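Worksheet for the structure shown next.
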Amino acid sequence: MISGETLHRQTLAELAQGLAAGEFTSRELTEILLRRIESHQESYNAFITITAEIALQQADKADKARANGDGGYLNGLPIAHKDLFCTKRVLTTCGSRMLQNFVSPYDATVVEKMALAGAVMLGKTNMDEFAMGSSNETSHFGPVMNPWNTKLSPGGSSGGSAAAVAGRLVPVATGTDTGGSIRQPAAMTGTTGIKPTYGRVSRFGMVAFASSLDQGGVIARSAEDAAMVLEVISGHDHRDSTSINHPVPRYVDGLSRGIKGLKVGIVRQHFDEGLDESCAEAINLALNTLSESGAKIVEVDLPHIDLSVPAYYVVAPAECSSNLSRFDGVRFGHRAEKPQDLHDLYCRTRGEAFGAEVKRRIMTGTYVLSAGYYDAYYLKAQKVRKLISQDFVNAFCEVDLIAGPTTPTTAFALGEKTDDPITMYLNDIYTIGANLSGLPGISIPCGLVGGLPVGLQLVGPHFEEERILACAHQYQQLTDWHRLEPGATI
Amino acid sequence: MSLTKKQVRQIATLARLQLEEDELHDVVDKLSKIVGFVDQLQTASTDDVSPMAHPLHMSQTLRSDEVTESNERDLIQENAPSVQDGYYVVPKVIE
Amino acid sequence: MTSGWEVVIGLEIHTQLSTKSKIFSGAATAYGSETNTQACLIDLGYPGILPVLNTEVVRMAVKFGLAVNAAISPLSVFARKNYFYPDLPKGYQISQYELPIVEHGELFIRTDDGTEKRIGITRAHLEEDAGKSIHKGFGKSSGIDLNRAGTPLLEIVSEPDLRSAKEAVAYMRKIHSIVRYLEISDGNMQEGSFRCDANVSVRASGQKQLGTRTELKNLNSFRFVEKAINFEAQRQIDVVEEGGQIVQETRLYDSDNDETRPMRSKEEANDYRYFPDPDLLPVEIDDLFIETVRKTLPELPDAKQQRFADEYGLKAVDAEILTVNKPVADYFEAVAIKTTAKAQIAANWVIGELSALLNKQDVDIQNSRIGVEELVHLLDRITDNTISGKIGKDIFEAMWRGEGSVDEIIKARGLKQITDDSEIAAVIDRVLQANTLQVADYKAGKDKLFGYFVGQVMKETSGKANPTQVNKILKEKLT
């Protein structure tokens with residue numbers, strides 16, 4: 001008899017052991033999770049597409065492979081993909097009306113790598129439209145509800161992935177992070193979310209929002225699980241010119257490196273007035289834990305970090321305005337009915353099928369790139385970006401990694417910030433710097449405030465995923481925050 | 001910094017986005033807020049700073065000149081809203 | 001052109017680079033394939049796809065840069081040119097803007113008065129081509145074929161150094177010649193592999209400031225370039241002379257009516273919002289790469305022309321004509337080396353008889369029915385006096401018609417030259433006997449009749465008698 005009651009609670013690493021030991025099959029595991037997904041779809045709305053048929057096929061294939069002594073690193077393990085990774089012959093909507101009927105004719109590199117490793121895809125997770133949002137409310141398919149309290153937002157844009165992992169619907173899910181879209185929802189749902197170094201994970205097949213900032217990553221229930229998946233999806237891809245050709249370490253092996261002697265920097269601005277006081281306390285406690293286990297906490301200066309959100313809201317919209325021009329109703333996606341002429345076809349197609357936030361960002365981007373404004377906004381932002389990156393380079397001369405809050409507050413109510421874009425944008429105030437500079441960052445649960453998870457963010461220098469994963473893992477060896485399930489109290 | 005309705009209409013035209021008259025007010029308001037917000041950038045001194053387009057300092061890799069793609073028109077055009085004899089169909093193009 | 005005015009022209013030439021695959025994708029570039037079968041996901045701008053640069057286009061651009069004595073940028077950047085058009089799948093064209101791969105080149109053209117003129121090349125940059133809109137057969141709609149989308153182009157931009165339509169054509173021909181010598185483009189104008197936009201303005205002679213320019217789009221033949229520029233310059237002069245002002249605009253040349261008119265699609269002021277393409281990284285080119293490419297440079301038209309004049313003693317004008325197209329130059333040189341005839345004779349034949357026939361039949365020299373060996377054989381037969389030059393031309397045409405080799409035709413038609421003195425003398429005797437009156441007149445001082453006697457001898461021998469011998473013997477007989 002399978003312990004179906006608790007299987008969904010296990011981490012990816014535990015499930016891998018169970019499968020290896022023959023305690024249950026991938027098919028059994030897959031069926032249990034598919035049932036959970038179905039039964040929680042209404043309450044969380046975490047998925048846009050559930051790929052039960054594919055999942056069962058992949059599970060059977062994995063079981064057969066295991067019986068033959070074969071199978072990849074993730075053989076038979078269930079996963080979900082954020083719905084902006086293209087999946088061949090499966091809907092890839094990006095949470096938009098524009099692509100609500102779009103069936104990708106090809107697989108993203110991440111999807112391909114996961115499948116090759118034997119992972120079982122349970123479905124495609126809900127997200128902010130084209131990854132533009134921090135609350136998952138801009139999805140054409142409705143908001144995702146936070147499993148900790150369904151009146152709250154799970155954060156965004158990878159809110160569906162975060163909710164699915166937090167709600168124990170799937171042990172791990174992929175996400176993408178352009179300004180915090182993995183780390184912020186991870187923080188708000190008590191999960192572990194890693195955004196690796198820009199270029200570490202191929203962007204091929206990831207529908208682009210802002211190409212110089214987008215990076216794929218993982219939302220999991222532990223640093224160990226995140227390391228397992230990251231190892232699979234990382235690596236150079238000749239189809240992505242911006243992908244880095246740098247050896248991928250065995251992240252799992254590096255977890256035991258420990259943190260003794262690690263110099264951890266904290267940034268003064270991260271503890272300014274914007275940060276909720278209770279959250280600050282939780283962060284400080286976490287820093288104490290690190291310190292007690294041998295890390296040295298020192299203050300570092302990032303003099304231009306306050307300009308990261310404004311710089312981001314020029315660069316990201318500029319790139320998005322261009323990236324989203326391909327959605328014109330001609331070759332794929334939504335097309336307006338009975339267009340009068342070409343201009344009408346374009347304007348109505350795009351006017352009808354893009355949501356308000358996407359339109360705002362396209363217009364912002366169009367504006368900052370247009371004649372007469374380019375120098376004052378786009379070019380200026382690129383220069384400020386340089387200053388911010390340089391600040392990080394300088395800081396990493398003094399410290400091994402930077403720690404601080406992932407978000408200013410715990411999860412906020414759905415509808416709370418939809419009226420003011422700036423308030424919403426400021427949610428990513430601590431995460432955006434890593435995107436502008438291309439640095440790896442992770443958010444791990446480090447406490448509860450008012451019964452809601454708080455995220456601790458660790459940011460490392462380029463290519464140092466191993467270091468932040470090791471630190472996160474060490475912290476998770478010392479604490480149980482990452483094991484708390486929604487509804488838990490302390 | 002505040003944008004005018006006229007400016008917003010021009011931006012929307014450039015971006016090929018139809019804006020209904022009733023949403024215009026809200027768009028003008030929010031875009032003005034965003035532009036006002038990013039105006040903070042002007043406080044930074046950026047003389048002698050080179051703009052940064054990529055997070056990493058890398059140069060372009062090159063692929064060899066080989067034909068690797070085969071004809072997948074039928075599969076690809078399953079996503080096309082309007083096709084005739086293999087052509088994508090659009091309202092008359094005027095040169 | 002109206003005197004008192006100066007026409008200022010700059011050309012933007014779009015050369016399709018002859019790679020096997022596209023600039024950013026592995027789709028084929030072959031011309032004339034079935035609609036949209038050569039447009040892969042990258043060319044179609046599918047969500048999630050990314051461009052990867054073809055190494056060959058970089059090599060070709062560098063090759064061109066070296067050929068026009070230009071600077072090769074150690075670092076060049078691809079930028080996006082944003083605009084909506086159905087033949088532009090991504091809503092932007094990947095091009096180069098601020099940092100092109102090639103800058104500050106030059107070439108020399110020959111002007112009407114025979115002098116050489118330097119034309120500056122501002123820059124040459126890499127970009128992707130767009131698809132095609134088809135208007136017939138779709139009623140009130142248009143059909144879009146994206147096979148051409150993503151085909152590599154090298155856009156070569158001249159300085160506004162050109163002062164007449166003729167100079168513009170000479171410059172364009174020179175570029176055409178160079179890209180084909182370099183084998184970086186087939187230069188096929190019918191297929192659109194080589195086309196140009198012309199920026200035209202006029203100003204009063206002596207005036208320093210440039211006039212407002214118009215841009216003439218998509219001129220795809222040398223003839224159209226000349227006619228379009230001439231029309232446009234005259235139109236601008238007329239406008240200004242009537243007190244009007246030139247509007248800066250994009251105009252289309254209508255070859256049916258030989259006129260230019262504003263393009264409707266370009267009426268709306270475009271704001272291309274160029275910015276560096278974040279999907280592509282800066283292209284770095286080091287000296288080693290440049291030197292490797294330099295080693296592959298062929299002898300270029302100007303150098304070849306000079307060498308033909310020096311080495312083969314050709315007239316300058318002939319050396320120029322022969323070196324415009326490399327295959328023609330190669331053909332000539334192969335003939336000149338092998339034949340016993342003088343090189344200038346070989347040049348005359350290639351420029352004259354051969355070119356005339358090739359043009360008439362619309363055949364490339366590579367596909368000439370009379371190959372190098374055949375022409376060498378023919379010229380050798382003329383040189384060794386087997387046949388006369390005049391008969392050589394008849395044989396040449398017969399060879400083209402496939403009537404056999406030089407010797408076969410000579411034999412079959414009995415065209416072998418009569419070089420036997422006694423045989424010629426016998427014919428001369430017959431002619432003189434039949435024309436006793438004329439002989440008397442000649443002897444009385446009517447010298448002109450000599451030519452008449454020669455003509456009669458040639459007629460009797462069907463042109464086969466060796467003319468030198470005829471002259472010699474005839475003179476002896478008549479004195």
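Starting from 1 in every chain, residues are counted up; chains themselves are A, B, ... following the order of the structure tokens, and ligands are numbered from 1 as listed.
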
For chain C, list the residues within 9 Å of chain B, counting only C-alpha atoms, and write the list as a PDB file with N, CA and C atoms, in the first residue's frame.
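This is the output file iface_13.pdb:
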ATOM      1  N   THR C  19      24.858  33.209 -48.859  1.00  0.00           N
ATOM      2  CA  THR C  19      25.084  32.138 -47.895  1.00  0.00           C
ATOM      3  C   THR C  19      24.109  31.006 -48.185  1.00  0.00           C
ATOM      4  N   LYS C  20      24.390  29.858 -47.620  1.00  0.00           N
ATOM      5  CA  LYS C  20      23.465  28.732 -47.774  1.00  0.00           C
ATOM      6  C   LYS C  20      22.253  28.910 -46.852  1.00  0.00           C
ATOM      7  N   SER C  21      22.535  29.393 -45.636  1.00  0.00           N
ATOM      8  CA  SER C  21      21.450  29.538 -44.667  1.00  0.00           C
ATOM      9  C   SER C  21      21.277  31.014 -44.317  1.00  0.00           C
ATOM     10  N   LYS C  22      20.232  31.317 -43.577  1.00  0.00           N
ATOM     11  CA  LYS C  22      19.888  32.708 -43.301  1.00  0.00           C
ATOM     12  C   LYS C  22      20.820  33.334 -42.264  1.00  0.00           C
ATOM     13  N   ILE C  23      20.670  34.628 -42.083  1.00  0.00           N
ATOM     14  CA  ILE C  23      21.606  35.329 -41.207  1.00  0.00           C
ATOM     15  C   ILE C  23      21.466  34.881 -39.751  1.00  0.00           C
ATOM     16  N   PHE C  24      20.231  34.608 -39.320  1.00  0.00           N
ATOM     17  CA  PHE C  24      20.044  34.237 -37.917  1.00  0.00           C
ATOM     18  C   PHE C  24      19.386  32.874 -37.732  1.00  0.00           C
ATOM     19  N   SER C  25      19.191  32.137 -38.813  1.00  0.00           N
ATOM     20  CA  SER C  25      18.557  30.825 -38.673  1.00  0.00           C
ATOM     21  C   SER C  25      19.154  29.843 -39.654  1.00  0.00           C
ATOM     22  N   GLY C  26      18.826  28.579 -39.451  1.00  0.00           N
ATOM     23  CA  GLY C  26      19.345  27.529 -40.324  1.00  0.00           C
ATOM     24  C   GLY C  26      18.423  27.219 -41.487  1.00  0.00           C
ATOM     25  N   ALA C  27      17.508  28.130 -41.821  1.00  0.00           N
ATOM     26  CA  ALA C  27      16.636  27.910 -42.976  1.00  0.00           C
ATOM     27  C   ALA C  27      17.403  28.240 -44.256  1.00  0.00           C
ATOM     28  N   ALA C  28      17.040  27.566 -45.344  1.00  0.00           N
ATOM     29  CA  ALA C  28      17.736  27.764 -46.617  1.00  0.00           C
ATOM     30  C   ALA C  28      17.389  29.119 -47.226  1.00  0.00           C
ATOM     31  N   THR C  29      18.285  29.615 -48.069  1.00  0.00           N
ATOM     32  CA  THR C  29      18.080  30.923 -48.693  1.00  0.00           C
ATOM     33  C   THR C  29      17.749  30.811 -50.178  1.00  0.00           C
ATOM     34  N   GLU C  34       8.777  27.118 -52.839  1.00  0.00           N
ATOM     35  CA  GLU C  34       7.339  27.250 -52.627  1.00  0.00           C
ATOM     36  C   GLU C  34       7.064  28.120 -51.396  1.00  0.00           C
ATOM     37  N   THR C  35       6.020  28.909 -51.498  1.00  0.00           N
ATOM     38  CA  THR C  35       5.648  29.866 -50.463  1.00  0.00           C
ATOM     39  C   THR C  35       5.809  29.368 -49.026  1.00  0.00           C
ATOM     40  N   ASN C  36       6.503  30.144 -48.251  1.00  0.00           N
ATOM     41  CA  ASN C  36       6.630  29.914 -46.803  1.00  0.00           C
ATOM     42  C   ASN C  36       7.192  28.558 -46.403  1.00  0.00           C
ATOM     43  N   THR C  37       7.850  27.885 -47.344  1.00  0.00           N
ATOM     44  CA  THR C  37       8.455  26.605 -46.958  1.00  0.00           C
ATOM     45  C   THR C  37       9.888  26.799 -46.473  1.00  0.00           C
ATOM     46  N   GLN C  38      10.403  28.010 -46.667  1.00  0.00           N
ATOM     47  CA  GLN C  38      11.760  28.277 -46.188  1.00  0.00           C
ATOM     48  C   GLN C  38      11.748  29.298 -45.067  1.00  0.00           C
ATOM     49  N   ALA C  39      10.605  29.417 -44.416  1.00  0.00           N
ATOM     50  CA  ALA C  39      10.492  30.336 -43.288  1.00  0.00           C
ATOM     51  C   ALA C  39      10.356  29.486 -42.035  1.00  0.00           C
ATOM     52  N   CYS C  40      11.427  29.385 -41.263  1.00  0.00           N
ATOM     53  CA  CYS C  40      11.393  28.562 -40.053  1.00  0.00           C
ATOM     54  C   CYS C  40      10.917  29.417 -38.881  1.00  0.00           C
ATOM     55  N   LEU C  41      10.834  28.810 -37.721  1.00  0.00           N
ATOM     56  CA  LEU C  41      10.282  29.502 -36.559  1.00  0.00           C
ATOM     57  C   LEU C  41      11.033  30.794 -36.251  1.00  0.00           C
ATOM     58  N   VAL C  52      20.680  33.407 -33.880  1.00  0.00           N
ATOM     59  CA  VAL C  52      22.106  33.076 -33.716  1.00  0.00           C
ATOM     60  C   VAL C  52      22.809  33.426 -35.033  1.00  0.00           C
ATOM     61  N   LEU C  53      23.862  34.192 -34.920  1.00  0.00           N
ATOM     62  CA  LEU C  53      24.493  34.779 -36.101  1.00  0.00           C
ATOM     63  C   LEU C  53      25.291  33.761 -36.932  1.00  0.00           C
ATOM     64  N   ASN C  54      25.123  33.859 -38.237  1.00  0.00           N
ATOM     65  CA  ASN C  54      25.813  33.024 -39.218  1.00  0.00           C
ATOM     66  C   ASN C  54      27.244  33.551 -39.414  1.00  0.00           C
ATOM     67  N   THR C  55      28.210  32.714 -39.190  1.00  0.00           N
ATOM     68  CA  THR C  55      29.607  33.135 -39.275  1.00  0.00           C
ATOM     69  C   THR C  55      29.978  33.652 -40.669  1.00  0.00           C
ATOM     70  N   GLU C  56      29.335  33.055 -41.672  1.00  0.00           N
ATOM     71  CA  GLU C  56      29.678  33.383 -43.052  1.00  0.00           C
ATOM     72  C   GLU C  56      29.345  34.848 -43.392  1.00  0.00           C
ATOM     73  N   VAL C  57      28.279  35.381 -42.833  1.00  0.00           N
ATOM     74  CA  VAL C  57      27.918  36.770 -43.160  1.00  0.00           C
ATOM     75  C   VAL C  57      28.968  37.735 -42.607  1.00  0.00           C
ATOM     76  N   VAL C  58      29.532  37.370 -41.468  1.00  0.00           N
ATOM     77  CA  VAL C  58      30.565  38.226 -40.882  1.00  0.00           C
ATOM     78  C   VAL C  58      31.799  38.196 -41.786  1.00  0.00           C
ATOM     79  N   LEU C  75      34.486  45.921 -32.916  1.00  0.00           N
ATOM     80  CA  LEU C  75      33.285  45.617 -32.165  1.00  0.00           C
ATOM     81  C   LEU C  75      32.088  46.239 -32.886  1.00  0.00           C
ATOM     82  N   TYR C  83       9.290  48.688 -36.452  1.00  0.00           N
ATOM     83  CA  TYR C  83       8.115  49.192 -37.177  1.00  0.00           C
ATOM     84  C   TYR C  83       7.223  48.018 -37.541  1.00  0.00           C
ATOM     85  N   PHE C  84       5.971  48.322 -37.725  1.00  0.00           N
ATOM     86  CA  PHE C  84       5.014  47.261 -38.047  1.00  0.00           C
ATOM     87  C   PHE C  84       4.801  47.181 -39.555  1.00  0.00           C
ATOM     88  N   TYR C  85       4.948  46.012 -40.095  1.00  0.00           N
ATOM     89  CA  TYR C  85       4.662  45.791 -41.508  1.00  0.00           C
ATOM     90  C   TYR C  85       4.485  44.290 -41.693  1.00  0.00           C
ATOM     91  N   PRO C  86       3.549  43.873 -42.523  1.00  0.00           N
ATOM     92  CA  PRO C  86       3.265  42.429 -42.560  1.00  0.00           C
ATOM     93  C   PRO C  86       4.436  41.569 -43.048  1.00  0.00           C
ATOM     94  N   SER C 133       5.153  40.848 -49.993  1.00  0.00           N
ATOM     95  CA  SER C 133       3.687  40.907 -50.040  1.00  0.00           C
ATOM     96  C   SER C 133       3.248  40.665 -51.475  1.00  0.00           C
ATOM     97  N   ILE C 134       2.267  39.805 -51.649  1.00  0.00           N
ATOM     98  CA  ILE C 134       1.738  39.530 -52.983  1.00  0.00           C
ATOM     99  C   ILE C 134       0.332  40.129 -53.043  1.00  0.00           C
ATOM    100  N   HIS C 135       0.082  40.929 -54.086  1.00  0.00           N
ATOM    101  CA  HIS C 135      -1.201  41.644 -54.120  1.00  0.00           C
ATOM    102  C   HIS C 135      -2.227  41.010 -55.042  1.00  0.00           C
ATOM    103  N   PHE C 138      -5.598  37.837 -54.171  1.00  0.00           N
ATOM    104  CA  PHE C 138      -6.110  37.789 -52.805  1.00  0.00           C
ATOM    105  C   PHE C 138      -7.269  38.773 -52.574  1.00  0.00           C
ATOM    106  N   GLY C 139      -7.892  39.191 -53.663  1.00  0.00           N
ATOM    107  CA  GLY C 139      -9.029  40.097 -53.534  1.00  0.00           C
ATOM    108  C   GLY C 139      -8.642  41.375 -52.827  1.00  0.00           C
ATOM    109  N   LYS C 140      -9.369  41.655 -51.752  1.00  0.00           N
ATOM    110  CA  LYS C 140      -9.082  42.884 -51.006  1.00  0.00           C
ATOM    111  C   LYS C 140      -7.967  42.671 -49.993  1.00  0.00           C
ATOM    112  N   SER C 141      -7.350  41.506 -50.037  1.00  0.00           N
ATOM    113  CA  SER C 141      -6.279  41.201 -49.103  1.00  0.00           C
ATOM    114  C   SER C 141      -4.956  41.083 -49.842  1.00  0.00           C
ATOM    115  N   SER C 142      -3.904  40.875 -49.069  1.00  0.00           N
ATOM    116  CA  SER C 142      -2.597  40.580 -49.636  1.00  0.00           C
ATOM    117  C   SER C 142      -2.106  39.278 -49.019  1.00  0.00           C
ATOM    118  N   GLY C 143      -1.276  38.581 -49.765  1.00  0.00           N
ATOM    119  CA  GLY C 143      -0.675  37.350 -49.248  1.00  0.00           C
ATOM    120  C   GLY C 143       0.763  37.624 -48.855  1.00  0.00           C
ATOM    121  N   ILE C 144       1.179  37.014 -47.762  1.00  0.00           N
ATOM    122  CA  ILE C 144       2.541  37.264 -47.284  1.00  0.00           C
ATOM    123  C   ILE C 144       3.371  35.978 -47.389  1.00  0.00           C
ATOM    124  N   ASP C 145       4.481  36.108 -48.100  1.00  0.00           N
ATOM    125  CA  ASP C 145       5.418  34.999 -48.233  1.00  0.00           C
ATOM    126  C   ASP C 145       6.698  35.388 -47.488  1.00  0.00           C
ATOM    127  N   LEU C 146       7.045  34.619 -46.487  1.00  0.00           N
ATOM    128  CA  LEU C 146       8.180  34.993 -45.645  1.00  0.00           C
ATOM    129  C   LEU C 146       9.444  34.178 -45.935  1.00  0.00           C
ATOM    130  N   LEU C 252       8.530  56.344 -54.674  1.00  0.00           N
ATOM    131  CA  LEU C 252       8.641  55.090 -55.392  1.00  0.00           C
ATOM    132  C   LEU C 252       8.796  55.408 -56.874  1.00  0.00           C
ATOM    133  N   MET C 263       5.406  57.396 -51.479  1.00  0.00           N
ATOM    134  CA  MET C 263       4.903  56.096 -51.022  1.00  0.00           C
ATOM    135  C   MET C 263       3.866  56.317 -49.944  1.00  0.00           C
ATOM    136  N   ARG C 264       2.710  55.754 -50.127  1.00  0.00           N
ATOM    137  CA  ARG C 264       1.631  55.996 -49.161  1.00  0.00           C
ATOM    138  C   ARG C 264       1.943  55.383 -47.798  1.00  0.00           C
ATOM    139  N   SER C 265       2.552  54.193 -47.841  1.00  0.00           N
ATOM    140  CA  SER C 265       2.819  53.515 -46.573  1.00  0.00           C
ATOM    141  C   SER C 265       3.850  54.261 -45.731  1.00  0.00           C
ATOM    142  N   LYS C 266       4.578  55.149 -46.336  1.00  0.00           N
ATOM    143  CA  LYS C 266       5.627  55.843 -45.595  1.00  0.00           C
ATOM    144  C   LYS C 266       5.200  57.254 -45.179  1.00  0.00           C
ATOM    145  N   ASN C 270       7.924  57.875 -39.432  1.00  0.00           N
ATOM    146  CA  ASN C 270       8.363  56.694 -38.709  1.00  0.00           C
ATOM    147  C   ASN C 270       9.321  57.054 -37.593  1.00  0.00           C
ATOM    148  N   ASP C 271       9.147  56.374 -36.516  1.00  0.00           N
ATOM    149  CA  ASP C 271      10.056  56.542 -35.399  1.00  0.00           C
ATOM    150  C   ASP C 271      10.523  55.135 -35.082  1.00  0.00           C
ATOM    151  N   PRO C 276      19.946  48.565 -29.002  1.00  0.00           N
ATOM    152  CA  PRO C 276      20.752  47.349 -29.174  1.00  0.00           C
ATOM    153  C   PRO C 276      19.901  46.102 -28.952  1.00  0.00           C
ATOM    154  N   ASP C 277      20.007  45.132 -29.848  1.00  0.00           N
ATOM    155  CA  ASP C 277      19.201  43.914 -29.700  1.00  0.00           C
ATOM    156  C   ASP C 277      19.723  43.101 -28.517  1.00  0.00           C
ATOM    157  N   PRO C 278      18.883  42.947 -27.472  1.00  0.00           N
ATOM    158  CA  PRO C 278      19.366  42.235 -26.282  1.00  0.00           C
ATOM    159  C   PRO C 278      19.537  40.730 -26.516  1.00  0.00           C
ATOM    160  N   LEU C 280      21.230  39.522 -28.987  1.00  0.00           N
ATOM    161  CA  LEU C 280      22.515  39.314 -29.652  1.00  0.00           C
ATOM    162  C   LEU C 280      23.591  40.097 -28.921  1.00  0.00           C
ATOM    163  N   LEU C 281      24.778  39.556 -28.913  1.00  0.00           N
ATOM    164  CA  LEU C 281      25.878  40.197 -28.199  1.00  0.00           C
ATOM    165  C   LEU C 281      26.757  40.942 -29.200  1.00  0.00           C
ATOM    166  N   PRO C 282      27.607  41.819 -28.709  1.00  0.00           N
ATOM    167  CA  PRO C 282      28.502  42.533 -29.627  1.00  0.00           C
ATOM    168  C   PRO C 282      29.369  41.546 -30.421  1.00  0.00           C
ATOM    169  N   VAL C 283      29.559  41.836 -31.698  1.00  0.00           N
ATOM    170  CA  VAL C 283      30.390  40.986 -32.549  1.00  0.00           C
ATOM    171  C   VAL C 283      31.822  41.493 -32.465  1.00  0.00           C
ATOM    172  N   GLU C 284      32.703  40.651 -31.986  1.00  0.00           N
ATOM    173  CA  GLU C 284      34.105  41.060 -31.863  1.00  0.00           C
ATOM    174  C   GLU C 284      34.903  40.430 -32.996  1.00  0.00           C
TER     175      GLU C 284
END

**OP:** Using DSSP on the backbone coordinates, identify the residues of region 99-270 of chain A assigned to strand (DSSP E); present them as a count of residues only.
**Re:** 25

Listing only residues of chain A within 6 Å of chain B, what is the closest atom pair and its distance in Å (to one decimal) for each, using only C-alpha atoms, sorted by chain and residue number ascending, as JSON lines?
{"residue": "A:Ser212", "atom": "CA", "partner": "B:His54", "partner_atom": "CA", "distance": 5.8}
{"residue": "A:Pro310", "atom": "CA", "partner": "B:Val38", "partner_atom": "CA", "distance": 4.4}
{"residue": "A:Arg331", "atom": "CA", "partner": "B:Ala80", "partner_atom": "CA", "distance": 4.6}
{"residue": "A:Phe332", "atom": "CA", "partner": "B:Ala80", "partner_atom": "CA", "distance": 4.7}
{"residue": "A:Asp341", "atom": "CA", "partner": "B:Pro91", "partner_atom": "CA", "distance": 5.2}
{"residue": "A:Leu342", "atom": "CA", "partner": "B:Pro91", "partner_atom": "CA", "distance": 5.2}
{"residue": "A:Tyr346", "atom": "CA", "partner": "B:Arg16", "partner_atom": "CA", "distance": 5.8}
{"residue": "A:Cys347", "atom": "CA", "partner": "B:Leu17", "partner_atom": "CA", "distance": 4.4}
{"residue": "A:Arg348", "atom": "CA", "partner": "B:Gln18", "partner_atom": "CA", "distance": 5.4}
{"residue": "A:Arg350", "atom": "CA", "partner": "B:Leu17", "partner_atom": "CA", "distance": 5.5}
{"residue": "A:Gly351", "atom": "CA", "partner": "B:Gln18", "partner_atom": "CA", "distance": 4.6}
{"residue": "A:Gln382", "atom": "CA", "partner": "B:Pro51", "partner_atom": "CA", "distance": 4.6}
{"residue": "A:Lys383", "atom": "CA", "partner": "B:Pro51", "partner_atom": "CA", "distance": 4.2}
{"residue": "A:Lys386", "atom": "CA", "partner": "B:Met52", "partner_atom": "CA", "distance": 5.3}
{"residue": "A:Ser437", "atom": "CA", "partner": "B:Pro55", "partner_atom": "CA", "distance": 5.2}
{"residue": "A:Gly438", "atom": "CA", "partner": "B:Pro55", "partner_atom": "CA", "distance": 4.9}

Using only C-alpha atoms, which residues of chain A come within 7 Å of chain C, and what is the closest atom pair for each, with the distance in Å to one decimal? Give it as JSON lines, sorted by chain and residue number.
{"residue": "A:Phe204", "atom": "CA", "partner": "C:Ile49", "partner_atom": "CA", "distance": 5.7}
{"residue": "A:Gly205", "atom": "CA", "partner": "C:Gly48", "partner_atom": "CA", "distance": 4.0}
{"residue": "A:Met206", "atom": "CA", "partner": "C:Gly48", "partner_atom": "CA", "distance": 4.7}
{"residue": "A:Val207", "atom": "CA", "partner": "C:Gly48", "partner_atom": "CA", "distance": 3.9}
{"residue": "A:Ala208", "atom": "CA", "partner": "C:Gly48", "partner_atom": "CA", "distance": 5.9}
{"residue": "A:Ser211", "atom": "CA", "partner": "C:Pro278", "partner_atom": "CA", "distance": 5.6}
{"residue": "A:Ser212", "atom": "CA", "partner": "C:Pro278", "partner_atom": "CA", "distance": 5.4}
{"residue": "A:Arg239", "atom": "CA", "partner": "C:Val52", "partner_atom": "CA", "distance": 6.4}
{"residue": "A:Asp240", "atom": "CA", "partner": "C:Leu50", "partner_atom": "CA", "distance": 6.0}
{"residue": "A:Ser241", "atom": "CA", "partner": "C:Val52", "partner_atom": "CA", "distance": 5.8}
{"residue": "A:Thr242", "atom": "CA", "partner": "C:Asp279", "partner_atom": "CA", "distance": 6.5}
{"residue": "A:Ser322", "atom": "CA", "partner": "C:Asn82", "partner_atom": "CA", "distance": 6.8}
{"residue": "A:Ser325", "atom": "CA", "partner": "C:Gly91", "partner_atom": "CA", "distance": 4.8}
{"residue": "A:Arg326", "atom": "CA", "partner": "C:Lys90", "partner_atom": "CA", "distance": 4.2}
{"residue": "A:Leu369", "atom": "CA", "partner": "C:Arg273", "partner_atom": "CA", "distance": 5.2}
{"residue": "A:Ser370", "atom": "CA", "partner": "C:Arg273", "partner_atom": "CA", "distance": 5.3}
{"residue": "A:Ala371", "atom": "CA", "partner": "C:Asp271", "partner_atom": "CA", "distance": 6.5}

**OP:** Find the residues around region 240-245 of chain C up to 9 Å (only C-alpha atoms counted), leave out those fewer than 4 positions away in its own chain, and share them as a list in words.
**Re:**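 Residues near the query, excluding close chain neighbours: Thr212, Arg235 and Gln236 of chain C.
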
Original post:
Out of region 6-83 of chain B, which residues get helix (DSSP H, G or I) from DSSP, as a ChimeraX atom specification?
Top reply: /B:6-14,21-43,73-79

**OP:** Could you give me, as a ChimeraX atom specification, the residues within 10 Å of Gly258 (chain A), counting only C-alpha atoms and dropping anything in the same chain fewer than 5 positions from it?
**Re:** /A:293-295,467,469-475

Original post:
Got a sec: who's within 10 Å of Lys166 (chain C), counting only C-alpha atoms, leaving out chain neighbours fewer than 6 positions off, as a list in words?
Top reply: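 Listed by chain and then number, they are Thr111, Asp112, Met172, Phe222, Arg223, Val225, Glu226, Lys227, Ile229 and Asn230 of chain C.
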